$ cat start_6.tsv   # TSV, C-alpha atoms
chain	number	residue	atom	x	y	z
A	12	MET	CA	-6.95	10.61	14.06
A	13	ARG	CA	-4.17	8.62	15.78
A	14	PHE	CA	-2.82	7.23	12.52
A	15	ILE	CA	-3.22	10.30	10.36
A	16	GLY	CA	-1.80	12.46	13.16
A	17	SER	CA	1.44	10.46	13.03
A	18	VAL	CA	1.52	10.78	9.20
A	19	ILE	CA	1.08	14.56	9.47
A	20	GLU	CA	3.84	14.81	12.07
A	21	LYS	CA	6.29	12.93	9.82
A	22	LEU	CA	5.39	14.95	6.72
A	23	GLN	CA	5.87	18.25	8.55
A	24	ARG	CA	9.58	17.40	8.70
A	25	HIS	CA	9.74	16.88	4.91
A	26	PRO	CA	7.04	19.07	3.27
A	27	LYS	CA	5.95	18.11	-0.25
A	28	ARG	CA	4.05	19.51	-3.25
A	29	ILE	CA	0.69	17.84	-3.93
A	30	VAL	CA	-1.33	18.67	-7.04
A	31	PHE	CA	-5.13	18.65	-6.90
A	32	PRO	CA	-6.67	18.64	-10.41
A	33	GLU	CA	-10.15	19.54	-9.08
A	34	GLY	CA	-9.17	23.03	-8.02
A	35	ASN	CA	-12.59	24.63	-7.55
A	36	GLU	CA	-14.18	21.69	-5.70
A	37	PRO	CA	-15.15	22.97	-2.20
A	38	ARG	CA	-13.83	19.93	-0.31
A	39	VAL	CA	-10.53	20.13	-2.20
A	40	LEU	CA	-10.19	23.83	-1.38
A	41	GLN	CA	-10.77	23.12	2.31
A	42	ALA	CA	-8.28	20.23	2.27
A	43	ALA	CA	-5.68	22.36	0.45
A	44	ARG	CA	-6.10	25.12	3.04
A	45	GLN	CA	-5.52	22.63	5.87
A	46	PHE	CA	-2.58	21.07	4.03
A	47	TYR	CA	-0.81	24.43	3.92
A	48	SER	CA	-1.89	25.51	7.42
A	49	LEU	CA	-0.48	22.31	8.90
A	50	ARG	CA	2.87	23.02	7.17
A	51	LEU	CA	2.70	19.84	5.10
A	52	GLY	CA	3.94	21.54	1.94
A	53	VAL	CA	2.56	23.38	-1.06
A	54	PRO	CA	-0.89	22.46	-2.42
A	55	ILE	CA	-1.27	23.08	-6.17
A	56	LEU	CA	-4.80	23.65	-7.48
A	57	LEU	CA	-5.51	23.21	-11.19
A	58	GLY	CA	-8.31	24.96	-13.03
A	59	ASP	CA	-9.72	28.33	-14.00
A	60	ARG	CA	-8.26	30.92	-11.63
A	61	PRO	CA	-11.39	33.18	-11.37
A	62	LYS	CA	-13.61	30.14	-10.66
A	63	ILE	CA	-11.24	28.89	-7.97
A	64	LYS	CA	-11.10	32.33	-6.35
A	65	GLU	CA	-14.89	32.62	-6.48
A	66	ALA	CA	-15.34	29.20	-4.87
A	67	ALA	CA	-12.78	30.08	-2.17
A	68	GLU	CA	-14.54	33.37	-1.38
A	69	LYS	CA	-17.87	31.58	-0.94
A	70	LEU	CA	-16.24	29.22	1.55
A	71	ASN	CA	-14.26	32.02	3.21
A	72	VAL	CA	-11.09	29.99	2.47
A	73	SER	CA	-7.80	31.87	2.18
A	74	LEU	CA	-5.66	31.03	-0.86
A	75	GLU	CA	-2.46	32.22	0.81
A	76	GLY	CA	0.37	29.73	0.22
A	77	ILE	CA	-1.68	27.81	-2.38
A	78	ARG	CA	-0.51	27.71	-6.00
A	79	ILE	CA	-3.10	27.96	-8.75
A	80	ILE	CA	-2.32	26.83	-12.30
A	81	ASN	CA	-4.62	27.07	-15.29
A	82	PRO	CA	-3.36	24.55	-17.89
A	83	GLU	CA	-4.53	26.84	-20.73
A	84	GLU	CA	-2.25	29.65	-19.50
A	85	SER	CA	0.70	27.55	-18.33
A	86	GLU	CA	4.12	28.13	-19.87
A	87	ASP	CA	4.63	24.36	-19.59
A	88	LEU	CA	1.68	23.48	-21.83
A	89	ASP	CA	3.62	23.19	-25.09
A	90	ASN	CA	6.31	21.02	-23.48
A	91	PHE	CA	3.67	18.82	-21.85
A	92	VAL	CA	1.92	18.40	-25.21
A	93	ARG	CA	5.18	17.29	-26.86
A	94	ARG	CA	5.87	14.87	-24.02
A	95	PHE	CA	2.39	13.37	-24.30
A	96	GLU	CA	2.81	12.96	-28.07
A	97	LEU	CA	6.00	10.99	-27.39
A	98	VAL	CA	4.30	8.84	-24.75
A	99	ARG	CA	1.35	8.04	-27.03
A	100	ARG	CA	3.16	7.94	-30.38
A	101	PHE	CA	2.48	4.21	-30.79
A	102	LYS	CA	-1.23	5.13	-30.79
A	103	GLY	CA	-0.68	7.59	-33.59
A	104	ILE	CA	-1.84	10.56	-31.53
A	105	LYS	CA	-1.83	13.95	-33.27
A	106	GLU	CA	-0.70	17.28	-31.82
A	107	ARG	CA	-4.28	18.55	-31.55
A	108	GLU	CA	-5.40	15.45	-29.64
A	109	ALA	CA	-2.41	15.72	-27.32
A	110	ARG	CA	-3.19	19.39	-26.63
A	111	ASP	CA	-6.85	18.64	-25.93
A	112	ALA	CA	-5.77	15.97	-23.44
A	113	MET	CA	-3.27	18.24	-21.69
A	114	LEU	CA	-5.93	20.91	-21.22
A	115	LYS	CA	-7.78	18.43	-18.99
A	116	THR	CA	-6.65	18.93	-15.42
A	117	ASN	CA	-6.20	15.22	-14.61
A	118	TYR	CA	-3.85	14.84	-17.60
A	119	PHE	CA	-2.00	18.06	-16.80
A	120	GLY	CA	-1.65	17.03	-13.14
A	121	ALA	CA	-0.36	13.59	-14.06
A	122	MET	CA	2.24	15.19	-16.33
A	123	MET	CA	3.29	17.60	-13.57
A	124	VAL	CA	4.01	14.65	-11.27
A	125	ALA	CA	5.76	12.72	-14.04
A	126	MET	CA	7.95	15.77	-14.75
A	127	HIS	CA	8.79	16.20	-11.03
A	128	GLN	CA	6.95	19.51	-10.82
A	129	ALA	CA	4.83	17.99	-8.04
A	130	ASP	CA	5.54	15.15	-5.62
A	131	GLY	CA	2.14	13.49	-5.81
A	132	LEU	CA	-1.42	13.75	-7.12
A	133	VAL	CA	-4.82	13.47	-5.41
A	134	SER	CA	-7.99	13.47	-7.50
A	135	GLY	CA	-11.42	11.84	-7.74
A	136	THR	CA	-13.79	13.96	-5.63
A	137	SER	CA	-15.93	14.83	-8.65
A	138	GLU	CA	-14.67	12.34	-11.26
A	139	PHE	CA	-15.25	8.68	-12.06
A	140	SER	CA	-12.25	6.49	-11.29
A	141	GLY	CA	-11.55	5.98	-14.99
A	142	SER	CA	-11.06	9.72	-15.47
A	143	VAL	CA	-8.40	9.69	-12.76
A	144	LEU	CA	-6.71	6.38	-13.51
A	145	ARG	CA	-6.51	6.66	-17.32
A	146	PRO	CA	-4.13	9.69	-17.36
A	147	LEU	CA	-1.98	8.11	-14.63
A	148	PHE	CA	-1.64	4.81	-16.49
A	149	GLN	CA	-0.94	6.59	-19.79
A	150	ILE	CA	1.60	9.12	-18.49
A	151	ILE	CA	3.10	7.84	-15.23
A	152	LYS	CA	2.65	4.11	-15.86
A	153	VAL	CA	3.88	1.19	-13.75
A	154	ALA	CA	7.19	1.56	-11.89
A	155	PRO	CA	10.22	-0.15	-13.54
A	156	GLN	CA	10.52	-2.99	-11.04
A	157	ALA	CA	6.78	-3.41	-10.50
A	158	THR	CA	4.43	-5.46	-12.67
A	159	THR	CA	1.04	-4.65	-11.17
A	160	ALA	CA	-0.75	-1.37	-10.45
A	161	SER	CA	-3.35	-1.71	-7.71
A	162	SER	CA	-4.84	0.26	-4.83
A	163	CYS	CA	-5.15	0.22	-1.07
A	164	MET	CA	-7.61	1.61	1.47
A	165	ILE	CA	-6.22	2.48	4.88
A	166	MET	CA	-8.92	2.09	7.52
A	167	GLU	CA	-8.75	3.34	11.09
A	168	VAL	CA	-11.41	1.97	13.45
A	169	GLU	CA	-12.05	2.94	17.07
A	170	ASP	CA	-11.47	-0.60	18.37
A	171	THR	CA	-7.70	-0.81	18.69
A	172	ARG	CA	-7.81	-4.60	19.04
A	173	PHE	CA	-8.10	-4.88	15.27
A	174	GLY	CA	-5.15	-4.52	12.92
A	175	GLU	CA	-2.28	-2.38	14.16
A	176	GLY	CA	-3.88	-0.33	16.94
A	177	GLY	CA	-7.06	-0.05	14.90
A	178	VAL	CA	-5.32	0.56	11.55
A	179	MET	CA	-5.82	-1.90	8.68
A	180	PHE	CA	-4.51	-1.82	5.11
A	181	MET	CA	-7.04	-3.32	2.67
A	182	ALA	CA	-6.34	-4.18	-0.99
A	183	ASP	CA	-7.21	-4.22	-3.81
A	184	CYS	CA	-10.34	-2.12	-3.39
A	185	GLY	CA	-10.28	-0.03	-6.57
A	186	VAL	CA	-8.32	-1.20	-9.64
A	187	ILE	CA	-8.15	-4.90	-10.65
A	188	PRO	CA	-11.56	-6.64	-10.93
A	189	ASP	CA	-10.33	-10.25	-10.93
A	190	PRO	CA	-6.61	-10.53	-10.18
A	191	THR	CA	-4.54	-13.48	-11.35
A	192	VAL	CA	-2.33	-15.43	-8.95
A	193	GLU	CA	0.63	-13.24	-9.95
A	194	GLN	CA	-1.35	-10.02	-9.51
A	195	LEU	CA	-2.76	-11.12	-6.16
A	196	ALA	CA	0.75	-11.86	-4.91
A	197	ASP	CA	1.95	-8.46	-6.16
A	198	ILE	CA	-0.96	-6.75	-4.38
A	199	ALA	CA	-0.08	-8.55	-1.14
A	200	VAL	CA	3.59	-7.54	-1.31
A	201	SER	CA	2.93	-3.92	-2.37
A	202	THR	CA	0.42	-3.45	0.44
A	203	ALA	CA	2.83	-4.96	2.94
A	204	GLN	CA	5.53	-2.53	1.77
A	205	LEU	CA	3.15	0.42	2.14
A	206	ALA	CA	2.06	-0.73	5.61
A	207	HIS	CA	5.69	-1.05	6.70
A	208	GLN	CA	6.50	2.44	5.40
A	209	MET	CA	3.47	4.04	7.06
A	210	LEU	CA	3.51	2.18	10.39
A	211	GLY	CA	7.14	1.16	10.83
A	212	THR	CA	6.02	-2.25	12.13
A	213	ARG	CA	6.12	-5.77	10.71
A	214	PRO	CA	3.26	-6.34	8.26
A	215	LYS	CA	1.07	-9.35	8.97
A	216	VAL	CA	-0.72	-10.11	5.72
A	217	GLY	CA	-3.86	-12.21	5.53
A	218	LEU	CA	-4.96	-13.31	2.06
A	219	LEU	CA	-8.69	-13.70	2.47
A	220	SER	CA	-11.24	-16.21	1.25
A	221	TYR	CA	-14.51	-17.79	2.37
A	222	SER	CA	-12.40	-20.76	3.49
A	223	THR	CA	-9.71	-21.22	6.14
A	224	LYS	CA	-6.95	-23.67	5.22
A	225	GLY	CA	-9.00	-26.03	3.10
A	226	SER	CA	-12.33	-25.87	4.95
A	227	ALA	CA	-13.85	-25.66	1.46
A	228	THR	CA	-12.65	-26.45	-2.07
A	229	HIS	CA	-13.04	-24.25	-5.13
A	230	PRO	CA	-10.74	-22.90	-7.87
A	231	SER	CA	-10.94	-19.42	-6.30
A	232	ILE	CA	-9.53	-20.85	-3.06
A	233	GLY	CA	-6.68	-22.51	-4.94
A	234	LYS	CA	-5.83	-19.11	-6.44
A	235	VAL	CA	-5.51	-17.56	-2.97
A	236	GLN	CA	-3.36	-20.46	-1.76
A	237	ALA	CA	-1.03	-20.14	-4.75
A	238	ALA	CA	-0.86	-16.34	-4.37
A	239	THR	CA	0.12	-16.72	-0.71
A	240	ALA	CA	3.07	-18.96	-1.57
A	241	LEU	CA	4.14	-16.64	-4.39
A	242	ALA	CA	3.86	-13.54	-2.16
A	243	GLN	CA	6.15	-15.16	0.39
A	244	GLN	CA	8.67	-15.84	-2.35
A	245	LYS	CA	8.46	-12.29	-3.74
A	246	ALA	CA	8.85	-10.79	-0.26
A	247	ARG	CA	12.03	-12.80	0.33
A	248	THR	CA	13.43	-11.59	-3.00
A	249	LYS	CA	12.72	-7.98	-1.98
A	250	MET	CA	14.14	-8.64	1.50
A	251	LEU	CA	10.83	-7.51	2.98
A	252	ASP	CA	10.29	-8.64	6.58
A	253	ALA	CA	6.62	-9.58	6.62
A	254	ASP	CA	4.40	-12.54	7.48
A	255	PHE	CA	1.91	-13.93	4.95
A	256	ASP	CA	-0.85	-16.48	5.50
A	257	GLY	CA	-3.79	-17.66	3.46
A	258	GLU	CA	-6.34	-18.71	2.66
A	259	LEU	CA	-8.04	-17.17	5.72
A	260	GLN	CA	-11.60	-16.22	6.55
A	261	VAL	CA	-11.74	-12.64	7.75
A	262	ASP	CA	-12.68	-13.57	11.32
A	263	ALA	CA	-9.71	-15.92	11.53
A	264	ALA	CA	-7.49	-13.13	10.24
A	265	LEU	CA	-8.67	-10.50	12.73
A	266	VAL	CA	-10.05	-12.11	15.90
A	267	PRO	CA	-7.47	-13.76	18.20
A	268	GLU	CA	-10.02	-16.00	19.96
A	269	ILE	CA	-11.22	-17.46	16.67
A	270	ALA	CA	-7.68	-17.72	15.29
A	271	SER	CA	-6.55	-19.65	18.38
A	272	ARG	CA	-9.13	-22.34	17.61
A	273	LYS	CA	-8.62	-22.50	13.85
A	274	LEU	CA	-4.90	-21.74	13.41
A	275	PRO	CA	-3.06	-21.66	16.72
A	276	GLU	CA	0.39	-21.81	15.05
A	277	SER	CA	-0.16	-18.96	12.56
A	278	LYS	CA	1.85	-15.74	12.92
A	279	VAL	CA	-0.84	-13.84	11.02
A	280	ALA	CA	-4.19	-15.27	12.12
A	281	GLY	CA	-5.83	-13.07	14.73
A	282	HIS	CA	-3.26	-10.31	14.23
A	283	ALA	CA	-3.51	-9.33	10.54
A	284	ASN	CA	-2.91	-5.64	9.81
A	285	VAL	CA	-3.02	-6.13	6.02
A	286	LEU	CA	-6.08	-7.72	4.40
A	287	VAL	CA	-5.84	-8.83	0.77
A	288	PHE	CA	-9.14	-9.59	-0.95
A	289	PRO	CA	-9.56	-12.21	-3.67
A	290	ASP	CA	-11.31	-9.80	-6.05
A	291	LEU	CA	-12.47	-6.22	-6.45
A	292	ASN	CA	-16.09	-6.96	-5.54
A	293	SER	CA	-15.19	-8.24	-2.08
A	294	GLY	CA	-12.56	-5.56	-1.45
A	295	ASN	CA	-14.70	-2.61	-2.47
A	296	ILE	CA	-17.78	-3.86	-0.62
A	297	ALA	CA	-15.86	-4.64	2.58
A	298	SER	CA	-14.03	-1.30	2.66
A	299	LYS	CA	-17.24	0.71	2.24
A	300	LEU	CA	-19.05	-1.41	4.84
A	301	ILE	CA	-16.33	-0.76	7.41
A	302	GLN	CA	-16.20	2.93	6.55
A	303	HIS	CA	-19.92	3.56	6.95
A	304	VAL	CA	-21.18	0.90	9.36
A	305	ALA	CA	-18.19	1.06	11.73
A	306	ARG	CA	-17.76	4.80	11.06
A	307	ALA	CA	-14.10	4.25	10.33
A	308	ASN	CA	-11.71	6.90	9.06
A	309	ALA	CA	-11.01	5.79	5.48
A	310	TYR	CA	-8.04	6.97	3.44
A	311	GLY	CA	-7.75	5.91	-0.19
A	312	GLN	CA	-7.58	4.68	-2.78
A	313	ILE	CA	-3.80	4.93	-2.40
A	314	LEU	CA	-2.41	3.74	-5.74
A	315	MET	CA	0.41	1.20	-5.62
A	316	GLY	CA	2.92	0.09	-8.24
A	317	LEU	CA	2.97	3.37	-10.18
A	318	ASP	CA	6.15	5.20	-11.10
A	319	ARG	CA	5.09	8.20	-8.97
A	320	PRO	CA	2.77	8.59	-5.93
A	321	ALA	CA	-0.93	9.23	-6.55
A	322	ALA	CA	-4.38	8.57	-5.11
A	323	ASP	CA	-7.91	8.24	-6.46
A	324	VAL	CA	-10.28	9.39	-3.72
A	325	SER	CA	-13.97	8.53	-3.54
A	326	ARG	CA	-16.59	11.02	-4.70
A	327	GLY	CA	-18.04	10.64	-1.20
A	328	SER	CA	-14.83	11.82	0.48
A	329	SER	CA	-14.91	14.65	3.03
A	330	ALA	CA	-12.31	17.43	3.24
A	331	HIS	CA	-10.77	15.54	6.17
A	332	ASP	CA	-10.50	12.36	4.05
A	333	ILE	CA	-8.83	14.28	1.21
A	334	LEU	CA	-6.38	15.94	3.60
A	335	GLY	CA	-5.47	12.54	5.04
A	336	VAL	CA	-4.93	11.01	1.61
A	337	ALA	CA	-2.80	13.99	0.52
A	338	ALA	CA	-0.66	13.59	3.66
A	339	ILE	CA	-0.21	9.85	2.98
A	340	VAL	CA	0.76	10.50	-0.66
A	341	GLY	CA	3.22	13.15	0.51
A	342	LEU	CA	4.75	10.76	3.06
A	343	GLN	CA	4.98	8.05	0.38
A	344	SER	CA	6.97	10.37	-1.85
A	345	ILE	CA	9.69	10.95	0.75
A	346	GLU	CA	11.18	7.49	0.29
A	347	TYR	CA	9.29	6.30	-2.78
A	348	ALA	CA	12.40	4.72	-4.29
A	349	LYS	CA	12.54	2.35	-1.32
A	350	LEU	CA	9.09	1.08	-2.27
A	351	TYR	CA	9.86	0.98	-5.99
A	352	PRO	CA	13.57	1.11	-6.92
A	353	GLU	CA	14.29	3.25	-10.02
A	354	ALA	CA	10.86	4.89	-9.82
A	355	GLY	CA	10.78	8.39	-11.26
A	356	THR	CA	14.18	8.12	-12.93
A	357	LYS	CA	12.81	8.62	-16.48
A	358	LEU	CA	10.72	11.47	-17.80
A	359	PRO	CA	7.72	10.86	-20.10
A	360	GLY	CA	8.81	9.98	-23.63
A	361	GLU	CA	12.35	8.97	-22.67

$ encode --input "start_6.tsv" --output "structure tokens"
Amino acid sequence: MRFIGSVIEKLQRHPKRIVFPEGNEPRVLQAARQFYSLRLGVPILLGDRPKIKEAAEKLNVSLEGIRIINPEESEDLDNFVRRFELVRRFKGIKEREARDAMLKTNYFGAMMVAMHQADGLVSGTSEFSGSVLRPLFQIIKVAPQATTASSCMIMEVEDTRFGEGGVMFMADCGVIPDPTVEQLADIAVSTAQLAHQMLGTRPKVGLLSYSTKGSATHPSIGKVQAATALAQQKARTKMLDADFDGELQVDAALVPEIASRKLPESKVAGHANVLVFPDLNSGNIASKLIQHVARANAYGQILMGLDRPAADVSRGSSAHDILGVAAIVGLQSIEYAKLYPEAGTKLPGE
């Protein structure tokens, strides 16, 4: 709770509006209640109002301070439909198809964020990732000065020797199955930016592999080496103060004693607080292992590179996890333009 406590404290000074498309999901209702009770802003639940009220009554959860919107009854529906037609006109979408899409809460929620009617979106507790990501990529899309959309898990372990006082940023764990050199470099830089915004400290980014500095040879290792060099270049262009090193085995990245033997001159080895995985298999597996075996607090997937803040949470998330992710998304939105210049400056269809 050390990390998320600091996030909550910062967000209390700048409350935000977070939309939850799964309005009658019990864990979402509990998280929304806590979000409002902690004075983090206004939670917005989407769905059928009677069903949401019924679910809240069963949980004995008060709906005071929580907005409820049923897309079918919203006065914004017609405008949202027109906007979605404009966004998808190159696909030849018809008005009826656009309306059917906007009646789905993930699409309606994505449009709310795109239209600045909410500051961020959190979904995924009862949906496959594709059902969450597809509306975001179709409506919100990639930020103007970003080229890659990816995701990050923020892990907090009890042992404060790892990462930044026990906090580690791990990417990509949820979006790109097999990133190119360019994408891997973008993931490294975006995660470093997020870590700097959340922690206020210098990111130390380890690009991971099964090899440390040429201890093995394989095309996949060459990709990590090339991505490391490119990430350093991109960070300089963005004037981001961060250290990058790779390719590193995970023990060399995290354990000072091992790093001192393998890479005594490295600024990252042994002190990494950002871990970048070579592919989605390794990232997803590692993040879930740490979450369940080490009983870490896990917050994610925080989406990176989008035009507006959003997160795709796991179907296994608890109410506490969802609250933490919502707080992170809210904190992101405060200075989102610093992460992605010109983000949110255009409305859908413009």

$ residues_near_point --input "start_6.tsv" --point "(-4.6, 15.6, -20.7)" --cutoff "9 Å" --atoms "only C-alpha atoms" --output "NGL selection string"
:A and (91-92 or 95 or 108-122 or 146)

$ write_last_selection --input "start_6.tsv" --atoms "C-alpha atoms" --output "compact mmCIF listing (two decimals), in the coordinates of the input"
# COMPACT_ATOMS: atom_id res chain seq x y z
CA PHE A 91 3.67 18.82 -21.85
CA VAL A 92 1.92 18.40 -25.21
CA PHE A 95 2.39 13.37 -24.30
CA GLU A 108 -5.40 15.45 -29.64
CA ALA A 109 -2.41 15.72 -27.32
CA ARG A 110 -3.19 19.39 -26.63
CA ASP A 111 -6.85 18.64 -25.93
CA ALA A 112 -5.77 15.97 -23.44
CA MET A 113 -3.27 18.24 -21.69
CA LEU A 114 -5.93 20.91 -21.22
CA LYS A 115 -7.78 18.43 -18.99
CA THR A 116 -6.65 18.93 -15.42
CA ASN A 117 -6.20 15.22 -14.61
CA TYR A 118 -3.85 14.84 -17.60
CA PHE A 119 -2.00 18.06 -16.80
CA GLY A 120 -1.65 17.03 -13.14
CA ALA A 121 -0.36 13.59 -14.06
CA MET A 122 2.24 15.19 -16.33
CA PRO A 146 -4.13 9.69 -17.36

$ atom_distance --input "start_6.tsv" --atom1 "atom CA of Leu56 of chain A" --atom2 "atom CA of Val133 of chain A"
10.4 Å

$ residues_near_point --input "start_6.tsv" --point "(4.7, 16.9, 8.5)" --cutoff "10 Å" --atoms "only C-alpha atoms" --output "list in words"
Gly16, Ser17, Val18, Ile19, Glu20, Lys21, Leu22, Gln23, Arg24, His25, Pro26, Lys27, Phe46, Leu49, Arg50, Leu51, Gly52, Ala338, Gly341 and Leu342 of chain A

$ closest_residue --input "start_6.tsv" --among "A:Pro61, A:Gly185, A:Gly177, A:Gly217" --to "Gly141 of chain A" --atoms "only C-alpha atoms"
A:Gly185

$ closest_residue --input "start_6.tsv" --among "A:Val324, A:Val216, A:Leu57, A:Ala42" --to "Ser277 of chain A" --atoms "all atoms listed in the file"
A:Val216

$ atom_distance --input "start_6.tsv" --atom1 "atom CA of Ile79 of chain A" --atom2 "atom CA of Ile63 of chain A"
8.2 Å

$ closest_residue --input "start_6.tsv" --among "A:Leu74, A:Ala129, A:Ala307, A:Ile150" --to "Phe14 of chain A" --atoms "only C-alpha atoms"
A:Ala307

$ residues_around --input "start_6.tsv" --residues "Glu361 of chain A" --least-positions-apart "4" --cutoff "12 Å" --atoms "only C-alpha atoms" --output "PyMOL selection string"
chain A and resi 93-99+125-126+150-151+355-357

$ write_last_selection --input "start_6.tsv" --atoms "C-alpha atoms" --output "mmCIF file, in the coordinates of the input"
data_model
loop_
_atom_site.group_PDB
_atom_site.id
_atom_site.type_symbol
_atom_site.label_atom_id
_atom_site.label_comp_id
_atom_site.auth_asym_id
_atom_site.auth_seq_id
_atom_site.Cartn_x
_atom_site.Cartn_y
_atom_site.Cartn_z
ATOM 1 C CA ARG A 93 5.180 17.290 -26.860
ATOM 2 C CA ARG A 94 5.870 14.870 -24.020
ATOM 3 C CA PHE A 95 2.390 13.370 -24.300
ATOM 4 C CA GLU A 96 2.810 12.960 -28.070
ATOM 5 C CA LEU A 97 6.000 10.990 -27.390
ATOM 6 C CA VAL A 98 4.300 8.840 -24.750
ATOM 7 C CA ARG A 99 1.350 8.040 -27.030
ATOM 8 C CA ALA A 125 5.760 12.720 -14.040
ATOM 9 C CA MET A 126 7.950 15.770 -14.750
ATOM 10 C CA ILE A 150 1.600 9.120 -18.490
ATOM 11 C CA ILE A 151 3.100 7.840 -15.230
ATOM 12 C CA GLY A 355 10.780 8.390 -11.260
ATOM 13 C CA THR A 356 14.180 8.120 -12.930
ATOM 14 C CA LYS A 357 12.810 8.620 -16.480
#

$ residues_around --input "start_6.tsv" --residues "Ile165 of chain A" --least-positions-apart "3" --cutoff "8 Å" --atoms "only C-alpha atoms" --output "list of chain:residue names"
A:Val178, A:Met179, A:Phe180, A:Met181, A:Ala309, A:Tyr310, A:Gly311

$ residues_around --input "start_6.tsv" --residues "segment 224-236 of chain A" --least-positions-apart "6" --cutoff "7 Å" --atoms "all atoms listed in the file" --output "list in words"
Val192, Leu218, Gly257, Glu258, Leu259 and Pro289 of chain A

$ write_last_selection --input "start_6.tsv" --atoms "C-alpha atoms" --output "CSV table (one decimal), keeping the file's coordinate frame"
chain,number,residue,atom,x,y,z
A,192,VAL,CA,-2.3,-15.4,-9.0
A,218,LEU,CA,-5.0,-13.3,2.1
A,257,GLY,CA,-3.8,-17.7,3.5
A,258,GLU,CA,-6.3,-18.7,2.7
A,259,LEU,CA,-8.0,-17.2,5.7
A,289,PRO,CA,-9.6,-12.2,-3.7

$ atom_distance --input "start_6.tsv" --atom1 "atom CA of Ala283 of chain A" --atom2 "atom CA of Asp332 of chain A"
23.7 Å

$ closest_residue --input "start_6.tsv" --among "A:Asp290, A:Glu68, A:Glu36, A:Asp59" --to "Glu84 of chain A" --atoms "all atoms listed in the file"
A:Asp59

$ residues_around --input "start_6.tsv" --residues "Gln243 of chain A" --least-positions-apart "4" --cutoff "8 Å" --atoms "all atoms listed in the file" --output "PyMOL selection string"
chain A and resi 239+247+254-255

$ axis_aligned_box --input "start_6.tsv" --around "segment 110-113 of chain A" --padding-each-side "4 Å" --output "lines of an AutoDock Vina configuration file"
center_x = -5.0
center_y = 17.7
center_z = -24.2
size_x = 11.7
size_y = 11.4
size_z = 12.9

$ closest_residue --input "start_6.tsv" --among "A:Val279, A:Val153, A:Ile29, A:Leu88" --to "Asp262 of chain A" --atoms "all atoms listed in the file"
A:Val279

$ closest_residue --input "start_6.tsv" --among "A:Ala270, A:Val200, A:Met164, A:Ala182" --to "Leu251 of chain A" --atoms "only C-alpha atoms"
A:Val200

$ residues_around --input "start_6.tsv" --residues "Thr202 of chain A" --least-positions-apart "4" --cutoff "9 Å" --atoms "all atoms listed in the file" --output "ChimeraX atom specification"
/A:162-163,180-183,197-198,206-207,214,216,285-287,315
